[in-house]
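Participant: Dumping the structure here so I can ask a few things about it.
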Amino acid sequence: MKKRLLFVCFFSLLLFQGKAQQYQPIFGDEMTQWLVTGKYTIPEYAWMDTISAITTDDECKIMEYKSRWSHQCGIIGKIRTNETNSKLYLIEPDSTAELLIMDLDLSVGDTFDTKTEYNQFRTLYVEGVYILDGKKHIQFNEDTGGQTRKMFIEGVGPNWGFEPEYEYHLICKQNDFTQTYSLENEYFKDCDFVGGVYIDNPTIERNIKIYPNPASEYVIIDVSEISLENVYLTIYNVLGVEILNRILSDSETVLDLSDFPNDVYFFKFQTSEGMITKKIVTK
């Protein structure tokens with residue numbers, strides 16, 4: 001009888017610990033950003049938005065999105081996590097009701113109702129639960145309109161974005177200017193938009209200058225019109241391979257390119273004001 005009682009207590013303890021499991025947090029301390037694209041994943045048709053957690057209000061993060069093409073901004077609403085970070089709730093603009101938009105406690109066979117256009121709901125079925133790169137993934141029976149199944153990803157969020165009315169496809173996520181998630185495919189390399197430029201803040205486009213372009217032996221990088229605090233440069237080739245990374249400590253930098261093969265390169269700048277990628281051709 002005592003053994004049976006001990007077994008029941010031990011099993012109950014394990015069950016309690018499982019229910020109280022702590023997950024990786026969704027939000028950074030300062031800023032969290034998700035780069036998402038529409039359902040088309042080829043450069044000629046893709047469009048891109050940045051979804052950002054911009055402020056904290058009553059333990060919620062106010063979510064804002066910026067369009068890549070028009071730079072229009074809009075408020076998605078407020079999002080909060082529960083105490084274990086296993087659930088995300090959305091409070092839409094002009095609403096007080098909370099909508100559950102992520103649940104990491106689901107199991108295979110469970111269902112989840114997601115909001116669609118015209119305030120309708122569609123039922124998703126869990127077909128897989130697994131750990132990848134140290135993150136729990138809940139996989140559903142529908143795709144995102146892109147190349148992957150719809151998923152909840154621990155520490156990342158729903159891989160189809162945060163606006164229930166539209167189809168998105170998550171490219172990458174950053175916490176406090178540190179990349180915490182990236183989608184790898186032949187079109188999107190390390191969160192950059194291959195074949196174009198991604199502008200998180202239009203002011204940065206004007207205030208970061210690189211010349212000459214095309215370049216031969218060197219380029220001059222002029223950041224004199226922005227704050228030098230936390231200006232990071234990472235250079236990638238067309239295959240998405242990192243070639244160089246450094247912190248820019250001077251308002252004007254002469255960068256030697258004599259060892260760079262003639263090709264196309266992407267100069268990615270991360271600053272306290274946002275991020276931008278510029279394309280440089282060497283000849």
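If you're wondering about the labels, chains in the structure tokens are A, B, ... by order shown, residues count from 1 in each chain, ligands from 1 in order shown.
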Would you mind writing down, as a ChimeraX atom specification, each residue of stretch 41-269 of chain A that DSSP on the backbone assigns to strand (DSSP E)?

Facilitator: /A:48-57,60-67,73-81,87-91,98-103,111-115,121-132,135-143,149-153,157-158,169-175,178-182,188-189,192-193,209-211,218-222,232-237,242-247,252-256,264-269

Participant: Tell me which protein, DNA and RNA residues are within 10 Å of A:Leu244, counting only C-alpha atoms, leaving out same-chain ones fewer than 2 positions away, and put them as a list in words.

Facilitator: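 Close residues of A:Leu244: Leu233, Thr234, Ile235, Tyr236, Asn237, Val241, Glu242, Arg246 and Phe267 of chain A.
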
Participant: I need the chosen residues saved as an mmCIF file, in the first residue's frame, with N, CA and C atoms.

Facilitator:
data_model
loop_
_atom_site.group_PDB
_atom_site.id
_atom_site.type_symbol
_atom_site.label_atom_id
_atom_site.label_comp_id
_atom_site.auth_asym_id
_atom_site.auth_seq_id
_atom_site.Cartn_x
_atom_site.Cartn_y
_atom_site.Cartn_z
ATOM 1 N N LEU A 233 28.512 45.646 -38.673
ATOM 2 C CA LEU A 233 28.514 45.333 -40.104
ATOM 3 C C LEU A 233 28.811 43.847 -40.295
ATOM 4 N N THR A 234 27.957 43.185 -41.073
ATOM 5 C CA THR A 234 28.204 41.794 -41.466
ATOM 6 C C THR A 234 28.082 41.719 -42.975
ATOM 7 N N ILE A 235 29.050 41.069 -43.630
ATOM 8 C CA ILE A 235 29.057 40.956 -45.090
ATOM 9 C C ILE A 235 28.827 39.501 -45.478
ATOM 10 N N TYR A 236 27.903 39.282 -46.431
ATOM 11 C CA TYR A 236 27.584 37.948 -46.927
ATOM 12 C C TYR A 236 27.794 37.900 -48.438
ATOM 13 N N ASN A 237 28.143 36.723 -48.948
ATOM 14 C CA ASN A 237 28.169 36.556 -50.398
ATOM 15 C C ASN A 237 26.785 36.130 -50.874
ATOM 16 N N VAL A 241 26.821 33.019 -47.252
ATOM 17 C CA VAL A 241 27.957 32.693 -46.382
ATOM 18 C C VAL A 241 28.537 33.989 -45.810
ATOM 19 N N GLU A 242 28.743 34.010 -44.493
ATOM 20 C CA GLU A 242 29.309 35.191 -43.855
ATOM 21 C C GLU A 242 30.780 35.339 -44.231
ATOM 22 N N ARG A 246 32.261 43.035 -38.214
ATOM 23 C CA ARG A 246 33.039 43.958 -37.392
ATOM 24 C C ARG A 246 32.127 45.039 -36.830
ATOM 25 N N PHE A 267 25.893 43.896 -47.642
ATOM 26 C CA PHE A 267 26.413 44.550 -46.440
ATOM 27 C C PHE A 267 25.220 44.794 -45.505
#

Participant: Can you tell me how far atom CA of A:Ser216 sits from atom CA of A:Ile243, in Å to one decimal?

Facilitator: 16.7 Å

Participant: Give me the residues near A:Trp34 as a PDB file with C-alpha atoms, in the first residue's frame, where near means some atom within 9 Å (using only C-alpha atoms) and where sequence neighbours in that chain fewer than 4 positions away do not count.

Facilitator:
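After the write, out15.pdb holds the following:
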ATOM      1  CA  ASP A  49       6.922  43.373 -43.061  1.00  0.00           C
ATOM      2  CA  THR A  50       8.612  43.850 -39.712  1.00  0.00           C
ATOM      3  CA  ILE A  51       6.536  43.094 -36.647  1.00  0.00           C
ATOM      4  CA  SER A  52       7.974  44.665 -33.500  1.00  0.00           C
ATOM      5  CA  ALA A  53       7.234  44.649 -29.782  1.00  0.00           C
ATOM      6  CA  VAL A 156       9.953  32.346 -31.334  1.00  0.00           C
ATOM      7  CA  GLY A 161       3.052  35.771 -37.840  1.00  0.00           C
ATOM      8  CA  LEU A 170       8.262  33.908 -40.672  1.00  0.00           C
ATOM      9  CA  ILE A 171      11.776  34.605 -41.985  1.00  0.00           C
ATOM     10  CA  CYS A 172      13.599  35.424 -38.767  1.00  0.00           C
ATOM     11  CA  LYS A 173      13.341  36.790 -35.259  1.00  0.00           C
ATOM     12  CA  GLN A 174      15.642  39.038 -33.268  1.00  0.00           C
TER      13      GLN A 174
END

Participant: Which polymer residues have any atom within 12 Å of an atom of A:Asp105, counting only C-alpha atoms, with same-chain residues fewer than 5 positions away left out, as a ChimeraX atom specification?

Facilitator: /A:18-23,82,84-88,110-112,126,129-130,136-138,152-154

Participant: Name all residues at most 10 Å from A:Asp250 (count only C-alpha atoms; drop same-chain ones fewer than 2 positions away) and give them as a list in words.

Facilitator: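 Counting only C-alpha atoms, the residues come to Ile221, Asp222, Val223, Ser224, Leu228, Val231, Ile247, Leu248, Glu252, Thr253 and Val254 of chain A.
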
Participant: Please, what distance in Å, to one decimal, runs between atom CA of A:Ile101 and atom CA of A:Tyr89?

Facilitator: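 Taking atom CA of A:Ile101 and atom CA of A:Tyr89, their separation equals 5.6 Å.
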